[in-house]
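As provided, upload_37.txt (compact mmCIF, C-alpha atoms) reads as follows.
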```txt
# COMPACT_ATOMS: atom_id res chain seq x y z
CA MET D 1 0.00 0.00 0.00
CA SER D 2 1.23 3.49 -0.77
CA GLN D 3 0.10 7.05 -0.38
CA ASP D 4 -0.96 6.99 -4.02
CA ASP D 5 -3.58 4.33 -3.48
CA SER D 6 -7.12 5.63 -3.65
CA LEU D 7 -9.43 5.47 -0.70
CA GLU D 8 -11.55 2.90 -2.47
CA VAL D 9 -8.54 0.64 -2.95
CA LEU D 10 -7.64 0.95 0.71
CA LEU D 11 -11.13 0.15 1.93
CA GLU D 12 -11.40 -2.86 -0.35
CA ALA D 13 -8.07 -4.10 0.93
CA ILE D 14 -9.11 -3.59 4.54
CA GLN D 15 -12.16 -5.75 3.95
CA VAL D 16 -9.82 -8.65 3.10
CA GLU D 17 -7.75 -7.89 6.21
CA ASP D 18 -4.85 -6.18 4.53
CA GLU D 19 -3.01 -4.73 7.51
CA ALA D 20 -0.86 -2.44 5.40
CA ALA D 21 -4.01 -0.84 4.03
CA LEU D 22 -5.29 -0.06 7.50
CA CYS D 23 -1.92 1.39 8.45
CA GLU D 24 -1.97 3.63 5.39
CA LEU D 25 -5.49 4.75 6.25
CA HIS D 26 -4.29 5.42 9.78
CA ARG D 27 -1.42 7.50 8.45
CA ARG D 28 -3.78 9.62 6.37
CA TYR D 29 -6.48 10.24 8.93
CA VAL D 30 -5.01 9.81 12.40
CA ASN D 31 -4.52 13.53 13.01
CA LEU D 32 -8.12 14.30 12.13
CA VAL D 33 -9.46 11.45 14.23
CA TYR D 34 -7.26 12.34 17.19
CA SER D 35 -8.28 15.98 16.96
CA VAL D 36 -11.97 15.19 17.08
CA ALA D 37 -11.46 12.80 19.99
CA TYR D 38 -9.40 15.37 21.85
CA ARG D 39 -11.98 18.06 21.17
CA VAL D 40 -14.60 16.03 22.98
CA LEU D 41 -12.49 14.54 25.75
CA ASP D 42 -9.82 17.19 26.41
CA ASP D 43 -7.63 14.33 27.56
CA GLY D 44 -4.69 13.09 25.52
CA MET D 45 -4.67 9.52 26.78
CA ALA D 46 -8.41 9.08 26.38
CA ALA D 47 -8.22 10.66 22.95
CA GLU D 48 -5.50 8.18 21.97
CA GLU D 49 -7.70 5.29 23.04
CA VAL D 50 -10.69 6.55 21.10
CA THR D 51 -8.45 7.13 18.10
CA GLN D 52 -7.28 3.53 18.08
CA ASP D 53 -10.79 2.24 18.72
CA THR D 54 -11.98 4.21 15.71
CA PHE D 55 -9.51 2.53 13.40
CA LEU D 56 -10.28 -0.86 14.89
CA ARG D 57 -13.94 -0.25 14.10
CA VAL D 58 -12.97 0.52 10.51
CA TRP D 59 -10.90 -2.67 10.51
CA GLN D 60 -13.94 -4.65 11.60
CA LYS D 61 -16.68 -2.79 9.74
CA ALA D 62 -15.18 -1.24 6.61
CA ALA D 63 -17.85 -3.03 4.58
CA LEU D 64 -20.53 -0.94 6.27
CA TYR D 65 -19.32 2.30 4.71
CA ASP D 66 -21.68 3.27 1.89
CA PRO D 67 -20.35 6.01 -0.41
CA ASP D 68 -23.89 6.84 -1.48
CA LYS D 69 -24.71 7.94 2.03
CA GLY D 70 -21.89 10.43 2.47
CA GLU D 71 -18.19 11.10 2.48
CA PHE D 72 -15.82 8.62 4.06
CA VAL D 73 -14.21 11.19 6.33
CA THR D 74 -17.62 12.14 7.70
CA TRP D 75 -18.38 8.48 8.41
CA LEU D 76 -14.99 8.05 10.05
CA LEU D 77 -15.15 11.16 12.23
CA THR D 78 -18.73 10.41 13.21
CA ILE D 79 -17.52 7.08 14.60
CA THR D 80 -14.86 8.99 16.50
CA ARG D 81 -17.29 11.53 17.88
CA ARG D 82 -19.69 8.84 19.08
CA LEU D 83 -16.96 6.77 20.70
CA ALA D 84 -15.63 9.87 22.42
CA ILE D 85 -19.06 10.86 23.70
CA ASP D 86 -19.61 7.30 24.95
CA THR D 87 -16.31 7.52 26.80
CA LEU D 88 -17.34 10.83 28.28
CA ARG D 89 -20.61 9.33 29.50
CA LYS D 90 -18.91 6.30 31.04
CA ARG D 91 -16.55 8.54 32.91
CA GLN D 92 -19.55 10.57 34.06
CA ARG D 93 -17.61 13.65 33.19
CA ARG D 94 -20.02 15.70 31.18
CA ARG D 95 -18.74 19.15 31.97
CA PRO D 96 -16.85 20.54 29.03
CA SER D 97 -13.48 21.95 29.82
CA GLN D 98 -12.95 23.69 26.52
CA PRO D 99 -14.60 26.79 25.20
CA MET D 100 -17.46 25.98 22.89
CA LEU D 101 -16.73 25.56 19.24
CA PHE D 102 -14.37 27.17 16.81
CA ILE D 103 -11.06 26.74 18.54
CA ASP D 104 -8.71 27.27 15.66
CA GLU D 105 -5.61 26.30 17.58
CA ASN D 106 -3.46 25.33 14.67
CA PRO D 107 -4.68 26.79 11.41
CA ASP D 108 -1.35 26.01 9.81
CA LEU D 109 -1.75 22.33 10.59
CA TRP D 110 -5.13 22.26 8.90
CA GLU D 111 -3.62 23.71 5.74
CA THR D 112 -1.32 20.70 5.43
CA GLN D 113 -4.20 18.27 5.96
CA LEU D 114 -6.70 19.76 3.55
CA SER D 115 -6.80 20.40 -0.15
CA SER D 116 -6.84 24.07 -1.07
CA GLY D 117 -10.55 23.84 -1.88
CA THR D 118 -11.39 22.39 1.48
CA SER D 119 -9.18 24.85 3.29
CA GLU D 120 -11.34 27.53 1.73
CA LEU D 121 -14.40 25.56 2.77
CA ARG D 122 -13.20 25.47 6.33
CA ARG D 123 -12.48 29.20 6.39
CA SER D 124 -15.93 29.94 4.97
CA LEU D 125 -17.52 27.66 7.49
CA LEU D 126 -15.73 29.26 10.41
CA ALA D 127 -16.78 32.69 9.19
CA VAL D 128 -20.36 31.47 8.99
CA LEU D 129 -20.28 29.99 12.45
CA HIS D 130 -18.79 33.10 13.99
CA GLU D 131 -21.80 35.04 12.77
CA LEU D 132 -23.97 33.12 15.18
CA PRO D 133 -24.67 34.67 18.57
CA PRO D 134 -22.41 33.12 21.25
CA GLU D 135 -25.31 31.50 23.06
CA GLN D 136 -26.37 29.68 19.89
CA GLN D 137 -22.78 28.57 19.25
CA ASP D 138 -22.62 27.33 22.81
CA ALA D 139 -25.83 25.30 22.64
CA ILE D 140 -24.89 23.71 19.32
CA GLY D 141 -21.41 22.88 20.57
CA LEU D 142 -22.68 21.28 23.77
CA ALA D 143 -25.10 19.15 21.78
CA TYR D 144 -22.74 18.08 19.03
CA PHE D 145 -19.41 17.70 20.79
CA TYR D 146 -20.59 16.60 24.21
CA GLY D 147 -23.69 14.63 23.33
CA MET D 148 -25.92 16.77 25.51
CA SER D 149 -29.66 16.74 25.00
CA HIS D 150 -31.91 19.75 25.36
CA SER D 151 -32.56 18.83 28.99
CA ASP D 152 -28.86 18.30 29.71
CA ILE D 153 -27.98 21.71 28.30
CA ALA D 154 -30.79 23.42 30.19
CA ALA D 155 -29.58 21.88 33.44
CA TYR D 156 -25.92 22.59 32.75
CA ARG D 157 -26.45 26.22 31.83
CA ASP D 158 -29.32 26.66 34.29
CA ILE D 159 -31.60 28.10 31.63
CA PRO D 160 -35.16 27.18 30.61
CA LEU D 161 -35.63 24.18 28.35
CA GLY D 162 -37.51 26.31 25.86
CA THR D 163 -34.58 28.69 25.61
CA VAL D 164 -32.24 25.83 24.72
CA LYS D 165 -34.60 24.55 22.05
CA THR D 166 -34.92 27.99 20.55
CA ARG D 167 -31.17 28.61 20.49
CA ILE D 168 -30.42 25.33 18.78
CA ARG D 169 -33.26 25.66 16.32
CA GLN D 170 -32.40 29.23 15.36
CA GLY D 171 -28.68 28.59 15.19
CA MET D 172 -29.00 25.53 13.01
CA LYS D 173 -31.54 27.21 10.73
CA LYS D 174 -29.18 30.10 10.23
CA LEU D 175 -26.32 27.73 9.46
CA ARG D 176 -28.42 25.81 7.00
CA THR D 177 -29.54 28.97 5.20
CA ILE D 178 -26.01 30.23 4.80
CA TRP D 179 -24.77 26.74 4.02
CA LEU D 180 -27.21 26.28 1.17
CA SER D 181 -26.54 29.71 -0.29
CA ASP D 182 -22.74 29.45 -0.31
CA ALA D 183 -21.39 27.32 -3.15
CA THR D 184 -17.99 26.95 -1.49
CA VAL D 185 -19.52 25.39 1.59
CA HIS D 186 -20.81 22.25 -0.11
CA PRO D 187 -18.25 19.47 -0.07
CA LYS D 188 -18.48 17.51 -3.26
CA GLN D 189 -15.74 15.04 -2.65
CA ASP D 190 -13.71 13.47 0.06
CA SER D 191 -11.49 16.51 0.30
CA LEU D 192 -10.35 16.35 3.88
CA THR D 193 -7.06 14.79 2.81
CA MET P 194 -47.17 16.13 17.50
CA GLU P 195 -48.08 18.88 15.04
CA ARG P 196 -46.15 18.83 11.82
CA GLU P 197 -44.77 22.34 12.21
CA TYR P 198 -43.40 21.48 15.64
CA PHE P 199 -42.07 18.20 14.29
CA LEU P 200 -40.18 19.96 11.48
CA ASP P 201 -38.76 22.43 14.00
CA LEU P 202 -37.24 19.55 15.91
CA ILE P 203 -35.31 18.21 12.95
CA PRO P 204 -32.27 20.49 13.39
CA ALA P 205 -31.88 19.31 16.97
CA TYR P 206 -32.45 15.72 15.89
CA ALA P 207 -29.62 16.06 13.38
CA LEU P 208 -27.37 17.23 16.20
CA GLY P 209 -28.45 14.40 18.47
CA ALA P 210 -29.89 16.87 20.96
CA LEU P 211 -33.41 15.55 21.36
CA ASP P 212 -34.48 13.88 24.54
CA ALA P 213 -35.31 10.22 24.06
CA GLU P 214 -39.06 10.65 23.97
CA GLU P 215 -39.01 13.41 21.40
CA ALA P 216 -36.44 11.55 19.30
CA ALA P 217 -38.71 8.52 19.18
CA GLU P 218 -41.65 10.66 18.08
CA VAL P 219 -39.63 12.35 15.37
CA GLU P 220 -38.38 9.02 14.07
CA SER P 221 -41.88 7.65 13.80
CA LEU P 222 -43.00 10.70 11.82
CA LEU P 223 -39.92 10.70 9.59
CA ALA P 224 -40.69 7.28 8.24
CA ASP P 225 -43.59 8.57 6.12
CA ASP P 226 -42.52 12.10 5.36
CA LEU P 227 -40.17 12.45 2.38
CA GLU P 228 -39.92 16.22 2.75
CA ALA P 229 -38.86 15.85 6.35
CA GLN P 230 -36.32 13.19 5.39
CA ALA P 231 -34.77 15.53 2.83
CA LEU P 232 -34.69 18.30 5.39
CA LEU P 233 -32.97 15.98 7.84
CA ASP P 234 -30.35 15.07 5.23
CA GLU P 235 -29.50 18.77 4.84
CA TYR P 236 -29.29 19.34 8.56
CA ARG P 237 -27.07 16.29 8.98
CA LEU P 238 -24.73 17.78 6.43
CA VAL P 239 -24.69 21.02 8.37
CA ALA P 240 -24.12 19.19 11.67
CA ASP P 241 -21.29 17.08 10.29
CA SER P 242 -19.57 20.16 8.93
CA LEU P 243 -18.95 21.12 12.55
CA LEU P 244 -16.24 18.49 12.51
CA LEU P 245 -14.21 20.82 10.33
CA THR P 246 -14.16 23.43 13.05
CA VAL P 247 -12.12 21.27 15.40
CA GLY P 248 -8.65 22.54 16.16
CA LEU P 249 -6.23 20.12 14.54
CA ARG P 250 -3.66 18.35 16.66
CA GLU P 251 -0.89 16.03 15.68
CA ALA P 252 -1.52 12.56 16.99
CA PRO P 253 1.27 11.00 19.04
CA ALA P 254 3.71 9.15 16.84
CA HIS P 255 3.51 5.88 18.78
CA LEU P 256 -0.10 5.30 17.71
CA ALA P 257 0.98 3.92 14.35
CA GLU P 258 3.06 1.15 15.88
CA ASP P 259 0.47 0.54 18.56
CA LEU P 260 -2.20 -0.05 15.92
CA GLN P 261 0.01 -2.51 14.11
CA GLN P 262 0.49 -4.46 17.34
CA ARG P 263 -3.21 -4.53 18.05
CA ILE P 264 -4.30 -5.80 14.67
CA ALA P 265 -1.43 -8.27 14.48
CA ALA P 266 -2.19 -9.86 17.85
CA PRO P 267 -4.52 -12.90 17.60
CA PRO P 268 -7.90 -12.19 19.21
CA SER P 269 -7.32 -14.79 21.94
CA THR P 270 -4.08 -13.13 23.01
CA ALA P 271 -5.02 -9.52 22.30
CA ALA P 272 -5.54 -8.87 25.97
CA ALA P 273 -2.08 -10.19 26.76
CA ALA P 274 -0.38 -7.97 24.18
CA ALA P 275 1.22 -4.91 25.70
CA PRO P 276 0.25 -1.94 23.59
CA VAL P 277 0.59 1.47 25.14
CA ILE P 278 -3.10 1.97 24.54
CA ALA P 279 -5.75 -0.61 25.35
CA PRO P 280 -9.46 -0.57 26.16
CA PHE P 281 -10.25 0.22 29.78
CA GLN P 282 -11.95 -3.12 30.30
CA ARG P 283 -8.96 -5.18 29.21
CA TRP P 284 -6.52 -3.37 31.41
CA LEU P 285 -8.59 -2.98 34.51
CA SER P 286 -7.59 -6.17 36.34
CA ALA P 287 -4.01 -6.24 35.01
CA ALA P 288 -3.44 -2.59 35.79
CA ALA P 289 -4.81 -2.97 39.32
CA ILE P 290 -2.26 -5.72 40.00
CA LEU P 291 0.58 -3.77 38.43
CA ALA P 292 -0.37 -0.69 40.41
CA ALA P 293 -0.06 -2.65 43.63
CA ILE P 294 3.27 -4.13 42.60
CA PHE P 295 4.93 -1.01 41.20
CA GLY P 296 3.33 1.53 43.49
CA LEU P 297 1.54 3.33 40.71
CA THR P 298 1.09 6.92 41.74
CA PHE P 299 -0.46 8.56 38.78
CA ILE P 300 -3.91 7.83 37.43
CA LEU P 301 -6.03 9.75 35.00
CA ALA P 302 -9.13 11.41 36.43
CA GLN P 303 -12.10 9.08 36.85
CA SER P 304 -10.53 6.29 34.92
CA GLN P 305 -9.06 2.97 35.86
CA PRO P 306 -5.32 2.85 36.74
CA ARG P 307 -3.20 3.67 33.68
CA HIS P 308 0.02 1.78 34.31
CA SER P 309 1.22 2.41 30.76
CA TYR P 310 0.82 6.18 31.06
CA TYR P 311 2.86 6.37 34.24
CA GLN P 312 5.64 4.28 32.78
CA GLN P 313 5.57 6.25 29.57
CA ALA P 314 5.66 9.62 31.29
CA LYS P 315 8.42 8.56 33.66
CA ALA P 316 10.45 7.10 30.80
CA ARG P 317 10.04 10.27 28.78
CA TYR P 318 11.15 12.40 31.71
CA GLU P 319 14.23 10.25 32.21
CA GLN P 320 14.98 10.41 28.52
CA LEU P 321 14.75 14.19 28.51
CA ALA P 322 17.03 14.34 31.53
CA MET P 323 19.75 12.72 29.44
CA THR P 324 19.24 14.90 26.37
CA ASP P 325 21.41 17.92 25.56
CA GLY P 326 19.90 21.36 25.28
CA ILE P 327 17.00 20.62 27.58
CA LEU P 328 15.21 23.42 29.36
CA GLN P 329 14.75 22.75 33.07
CA VAL P 330 12.48 24.94 35.13
CA SER P 331 11.70 24.43 38.79
CA LEU P 332 8.08 24.71 39.80
CA SER P 333 6.94 27.26 42.35
CA PRO P 334 4.46 25.86 44.86
CA ALA P 335 1.56 27.88 46.17
CA GLU P 336 1.74 28.80 49.83
CA GLU P 337 -0.90 26.25 50.77
CA PHE P 338 1.12 23.50 49.06
CA ASP P 339 4.62 24.57 50.04
CA GLN P 340 5.78 20.98 50.41
CA VAL P 341 5.31 20.39 46.67
CA ALA P 342 8.48 20.40 44.61
CA GLY P 343 9.60 19.36 41.18
CA ASN P 344 10.46 20.63 37.76
CA LEU P 345 9.62 20.73 34.11
CA LEU P 346 11.93 19.27 31.50
CA ALA P 347 11.29 20.51 27.99
CA ASN P 348 13.01 19.98 24.68
CA PRO P 349 12.68 23.06 22.45
CA ALA P 350 13.79 20.96 19.49
CA ASP P 351 10.60 18.87 19.43
CA ASN P 352 8.35 20.75 21.88
CA SER P 353 8.10 17.78 24.20
CA ALA P 354 7.78 18.45 27.91
CA VAL P 355 7.26 16.44 31.08
CA LEU P 356 6.53 17.58 34.60
CA MET P 357 7.86 15.71 37.62
CA ILE P 358 6.18 16.64 40.87
CA GLU P 359 6.98 15.39 44.35
CA ASN P 360 4.85 15.53 47.47
CA LEU P 361 1.55 16.18 45.70
CA PRO P 362 -1.12 15.38 48.26
CA VAL P 363 -3.17 12.28 47.58
CA LEU P 364 -6.77 13.14 46.69
CA ASN P 365 -10.11 11.57 47.35
CA GLN P 366 -12.33 10.46 44.50
CA ASP P 367 -14.17 13.80 44.37
CA GLN P 368 -11.05 15.77 43.57
CA ALA P 369 -8.49 16.07 40.83
CA TYR P 370 -5.53 18.16 39.78
CA GLN P 371 -5.92 20.16 36.60
CA LEU P 372 -3.07 21.39 34.47
CA TRP P 373 -3.37 24.79 32.80
CA ILE P 374 -1.36 26.00 29.85
CA VAL P 375 -0.94 29.75 29.23
CA THR P 376 0.42 31.18 26.02
CA THR P 377 2.47 34.35 25.76
CA GLU P 378 -0.73 36.03 24.54
CA GLY P 379 -2.50 35.08 27.71
CA VAL P 380 -4.73 32.39 26.23
CA VAL P 381 -5.48 29.77 28.85
CA SER P 382 -6.41 26.19 28.10
CA SER P 383 -6.72 23.01 30.07
CA GLY P 384 -3.80 20.59 29.89
CA GLY P 385 -5.81 17.74 31.35
CA VAL P 386 -7.38 16.55 34.58
CA TYR P 387 -5.53 14.05 36.76
CA ALA P 388 -6.36 12.05 39.85
CA LYS P 389 -3.79 11.04 42.42
CA THR P 390 -4.56 8.18 44.75
CA THR P 391 -1.18 6.92 45.90
CA GLU P 392 2.04 8.39 47.22
CA GLY P 393 5.17 8.92 45.19
CA PRO P 394 6.38 11.26 42.45
CA THR P 395 3.98 12.25 39.71
CA TYR P 396 4.87 12.53 36.04
CA ILE P 397 2.71 14.45 33.58
CA ILE P 398 3.34 14.68 29.86
CA VAL P 399 2.53 18.20 28.75
CA ASN P 400 1.06 18.18 25.26
CA LEU P 401 2.27 21.23 23.38
CA ASP P 402 0.82 22.18 20.02
CA GLU P 403 3.06 25.16 19.45
CA PRO P 404 6.75 25.93 19.92
CA LEU P 405 7.78 26.18 23.55
CA SER P 406 8.60 29.86 23.11
CA ASN P 407 4.88 30.55 22.60
CA TYR P 408 4.05 29.62 26.18
CA ARG P 409 4.29 31.84 29.21
CA ASN P 410 3.69 29.41 32.03
CA PHE P 411 1.98 26.25 33.19
CA GLY P 412 -0.10 25.99 36.32
CA CYS P 413 -1.87 23.41 38.39
CA SER P 414 -5.00 23.79 40.47
CA LEU P 415 -7.07 21.61 42.75
CA GLU P 416 -10.49 20.98 41.21
CA PRO P 417 -13.57 18.77 41.42
CA ALA P 418 -13.09 15.31 39.91
CA GLU P 419 -14.48 16.43 36.58
CA GLY P 420 -12.30 19.49 36.39
CA SER P 421 -12.99 23.17 36.60
CA PRO P 422 -16.45 24.22 35.43
CA PHE P 423 -14.71 27.00 33.56
CA PRO P 424 -13.01 26.22 30.27
CA ASP P 425 -10.24 28.76 30.70
CA ARG P 426 -9.59 29.25 34.41
CA ARG P 427 -9.34 27.38 37.63
CA SER P 428 -12.15 27.22 40.13
CA GLY P 429 -10.04 25.84 42.98
CA PRO P 430 -6.79 26.86 44.67
CA GLY P 431 -3.54 27.01 42.75
CA VAL P 432 -1.11 24.21 43.61
CA PHE P 433 2.01 25.18 41.71
CA ARG P 434 3.23 27.22 38.78
CA VAL P 435 6.00 26.83 36.25
CA ALA P 436 7.17 30.14 34.79
CA LEU P 437 8.66 29.73 31.34
CA THR P 438 9.30 33.32 30.26
CA GLU P 439 11.51 33.96 33.22
CA ALA P 440 13.61 30.87 32.50
```

Mind turning the file's structure into structure tokens?
Amino acid sequence: MSQDDSLEVLLEAIQVEDEAALCELHRRYVNLVYSVAYRVLDDGMAAEEVTQDTFLRVWQKAALYDPDKGEFVTWLLTITRRLAIDTLRKRQRRRPSQPMLFIDENPDLWETQLSSGTSELRRSLLAVLHELPPEQQDAIGLAYFYGMSHSDIAAYRDIPLGTVKTRIRQGMKKLRTIWLSDATVHPKQDSLT
Amino acid sequence: MEREYFLDLIPAYALGALDAEEAAEVESLLADDLEAQALLDEYRLVADSLLLTVGLREAPAHLAEDLQQRIAAPPSTAAAAAPVIAPFQRWLSAAAILAAIFGLTFILAQSQPRHSYYQQAKARYEQLAMTDGILQVSLSPAEEFDQVAGNLLANPADNSAVLMIENLPVLNQDQAYQLWIVTTEGVVSSGGVYAKTTEGPTYIIVNLDEPLSNYRNFGCSLEPAEGSPFPDRRSGPGVFRVALTEA
């Protein structure tokens, strides 16, 4: 396996237990996976464990990825996010220790991971997200990155349940409107590598 | 559930934010509503795009080799293999025994004993101690913790750093130590939450995403087991501080 092999080739090889293919996939995506895990857990060791568990899931279930249902990187990072949230729940540590959303700690690192088109996508997306009021950003971030429900968020922030529902609904509607109207924001290919 | 209200719940459903009862209701209505399904597809795309907003970090280099070991080990002996990383469940009984034997003194907050982390951190500290050009900075304890001593070893060449702390008080299960990392621009972020249940020196690997020169100091505070409720500042007393800019 080499860095020139397509994703499809790698996934087919993984399904016949080609270890080199999994290692190549790991090489390509490990930073992204680790970053998402760390974002949720804020704990390097736990993030490492979730990272490895993610790739072991791919090793076991590569056949379940359906290209017609979405991009591979989305499928992969969704596995990561769910594993990380499960870990968070098991540890009963549901109080986020990072500011909500949009921590662009290493923009230079992203540039080396993304194609130029997707770098532009990411910048557009961040600009879009920063237009949201902080309280909407906060509610969306708590729900997506920490697996909190409406009730969880209301209890955590000590605000009415209806307020949480409104913030999430309005924030997501705004994102969707801008998302649909901006041609650069629609990913058309697996461009996160 | 009225349709208008049902459609208004779809954004939250895409995020995974609905309470169980509402989620079940939405799912039952989605089955027969093509327009709602299309709307959900769009909102899922929006939700998943949030993944792009994550700050990117470089994964530790050892993960590649660790993965190779894990997939190469036969399933029946996978638990006996000694990767640096392993599922909590596999390591629980083995780590408990090792902790008793080796006097494990450092455990991650609210997790089972992490024998491999302690060994790794200690080994990295010892390795740095033998490396040329290493920055060594003594920590300054807070008045309330004046028995605490130790230092930071950091390698500016690869931005690796490890703290060694002696005489940290043992904590009960409701408490933890939290590391704080402060940049030269004053941006504060958590460096992790750590429990301490046994005596002995403590080793903490400090994960740095930027060159060492971009950091002003590191600090440690005493917090609830889940860490400070604030993302960028301590809620409990300071334990010690490591000043980098004065070094």

So how far away is atom CA of D:Thr163 from atom CA of D:Arg176, in Å?
19.8 Å

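Every residue within 9 Å of the file position (-25.7, 20.3, 8.8), judged by all atoms listed in the file, is given as D:Met172, D:Leu175, D:Arg176, D:Trp179, P:Pro204, P:Ala207, P:Leu208, P:Leu233, P:Asp234, P:Glu235, P:Tyr236, P:Arg237, P:Leu238, P:Val239, P:Ala240, P:Asp241, P:Ser242, P:Leu243.
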
For D:Val36, please output as an NGL selection string all residues within 12 Å (counting only C-alpha atoms; exclusion window: fewer than 6 positions along the same chain).
(:D and (29-30 or 42-44 or 46-48 or 50-51 or 54 or 73-74 or 76-85 or 101 or 103 or 144-146)) or (:P and (241 or 243-252))

Can you write out the residues you just picked, keeping C-alpha atoms, as a PDB file, in the frame of the given file?
```
ATOM      1  CA  TYR D  29      -6.480  10.240   8.930  1.00  0.00           C
ATOM      2  CA  VAL D  30      -5.010   9.810  12.400  1.00  0.00           C
ATOM      3  CA  ASP D  42      -9.820  17.190  26.410  1.00  0.00           C
ATOM      4  CA  ASP D  43      -7.630  14.330  27.560  1.00  0.00           C
ATOM      5  CA  GLY D  44      -4.690  13.090  25.520  1.00  0.00           C
ATOM      6  CA  ALA D  46      -8.410   9.080  26.380  1.00  0.00           C
ATOM      7  CA  ALA D  47      -8.220  10.660  22.950  1.00  0.00           C
ATOM      8  CA  GLU D  48      -5.500   8.180  21.970  1.00  0.00           C
ATOM      9  CA  VAL D  50     -10.690   6.550  21.100  1.00  0.00           C
ATOM     10  CA  THR D  51      -8.450   7.130  18.100  1.00  0.00           C
ATOM     11  CA  THR D  54     -11.980   4.210  15.710  1.00  0.00           C
ATOM     12  CA  VAL D  73     -14.210  11.190   6.330  1.00  0.00           C
ATOM     13  CA  THR D  74     -17.620  12.140   7.700  1.00  0.00           C
ATOM     14  CA  LEU D  76     -14.990   8.050  10.050  1.00  0.00           C
ATOM     15  CA  LEU D  77     -15.150  11.160  12.230  1.00  0.00           C
ATOM     16  CA  THR D  78     -18.730  10.410  13.210  1.00  0.00           C
ATOM     17  CA  ILE D  79     -17.520   7.080  14.600  1.00  0.00           C
ATOM     18  CA  THR D  80     -14.860   8.990  16.500  1.00  0.00           C
ATOM     19  CA  ARG D  81     -17.290  11.530  17.880  1.00  0.00           C
ATOM     20  CA  ARG D  82     -19.690   8.840  19.080  1.00  0.00           C
ATOM     21  CA  LEU D  83     -16.960   6.770  20.700  1.00  0.00           C
ATOM     22  CA  ALA D  84     -15.630   9.870  22.420  1.00  0.00           C
ATOM     23  CA  ILE D  85     -19.060  10.860  23.700  1.00  0.00           C
ATOM     24  CA  LEU D 101     -16.730  25.560  19.240  1.00  0.00           C
ATOM     25  CA  ILE D 103     -11.060  26.740  18.540  1.00  0.00           C
ATOM     26  CA  TYR D 144     -22.740  18.080  19.030  1.00  0.00           C
ATOM     27  CA  PHE D 145     -19.410  17.700  20.790  1.00  0.00           C
ATOM     28  CA  TYR D 146     -20.590  16.600  24.210  1.00  0.00           C
TER      29      TYR D 146
ATOM     30  CA  ASP P 241     -21.290  17.080  10.290  1.00  0.00           C
ATOM     31  CA  LEU P 243     -18.950  21.120  12.550  1.00  0.00           C
ATOM     32  CA  LEU P 244     -16.240  18.490  12.510  1.00  0.00           C
ATOM     33  CA  LEU P 245     -14.210  20.820  10.330  1.00  0.00           C
ATOM     34  CA  THR P 246     -14.160  23.430  13.050  1.00  0.00           C
ATOM     35  CA  VAL P 247     -12.120  21.270  15.400  1.00  0.00           C
ATOM     36  CA  GLY P 248      -8.650  22.540  16.160  1.00  0.00           C
ATOM     37  CA  LEU P 249      -6.230  20.120  14.540  1.00  0.00           C
ATOM     38  CA  ARG P 250      -3.660  18.350  16.660  1.00  0.00           C
ATOM     39  CA  GLU P 251      -0.890  16.030  15.680  1.00  0.00           C
ATOM     40  CA  ALA P 252      -1.520  12.560  16.990  1.00  0.00           C
TER      41      ALA P 252
END
```

Write out as a ChimeraX atom specification each polymer residue whose atoms come within 8 Å of stretch 380-386 of chain P, counting only C-alpha atoms; drop sequence neighbours fewer than 6 positions from it.
/D:42-44,97-98 /P:301-302,369-374,399-400,418-420,424-426

Any idea what the distance is between atom CA of D:Tyr34 and atom CA of P:Asp367?
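About the pair atom CA of D:Tyr34 and atom CA of P:Asp367: they are 28.1 Å apart.
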
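Among D:Ile178, D:Ile153, D:Leu7, D:Leu22, the residue with the shortest atom-to-atom distance to D:Gln52, counting all atoms listed in the file, is D:Leu22.
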
Need the shell around P:Ala354: protein/DNA/RNA residues with any atom at most 8 Å away, counting all atoms listed in the file. Skip same-chain ones fewer than 4 positions apart. Format as a list of chain:residue names?
P:Tyr318, P:Leu345, P:Leu346, P:Ala347, P:Asn348, P:Ile398, P:Val399, P:Asn400, P:Leu401

If we count all atoms listed in the file, what is near P:Val375 at a cut-off of 6 Å, once residues fewer than 6 positions away on the same chain are taken out, given as JSON, numbers by chain?
{"P": [381, 408, 409, 410]}

One number please: atom CA of P:Asn365 to atom CA of P:Ala436, in Å, one decimal.
28.3 Å

Chain P proximity check over D:Thr87, D:Gln60, D:Ser35, D:Gln136, using all atoms listed in the file: winner is D:Ser35

As a list in words, please: the residues near P:Ala335 (cut-off 12 Å, all atoms listed in the file, same-chain neighbours under 4 positions excluded).
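Selected residues are Asp339, Gln340, Val341, Ala342, Leu361, Gly412, Cys413, Ser414, Leu415, Pro430, Gly431, Val432, Phe433, Arg434 and Val435 of chain P.
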
Would you please work out which residue, of P:Ile397, P:Met357, P:Ala350, P:Val219, is nearest to chain D when using only C-alpha atoms?
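Smallest distance to chain D is found for P:Ile397.
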
Could you tell me, as a VMD selection string, which residues have any atom at most 12 Å from (-34.3, 25.4, 28.1), counting all atoms listed in the file?
(chain D and resid 135 139 149 to 169) or (chain P and resid 210 to 211)
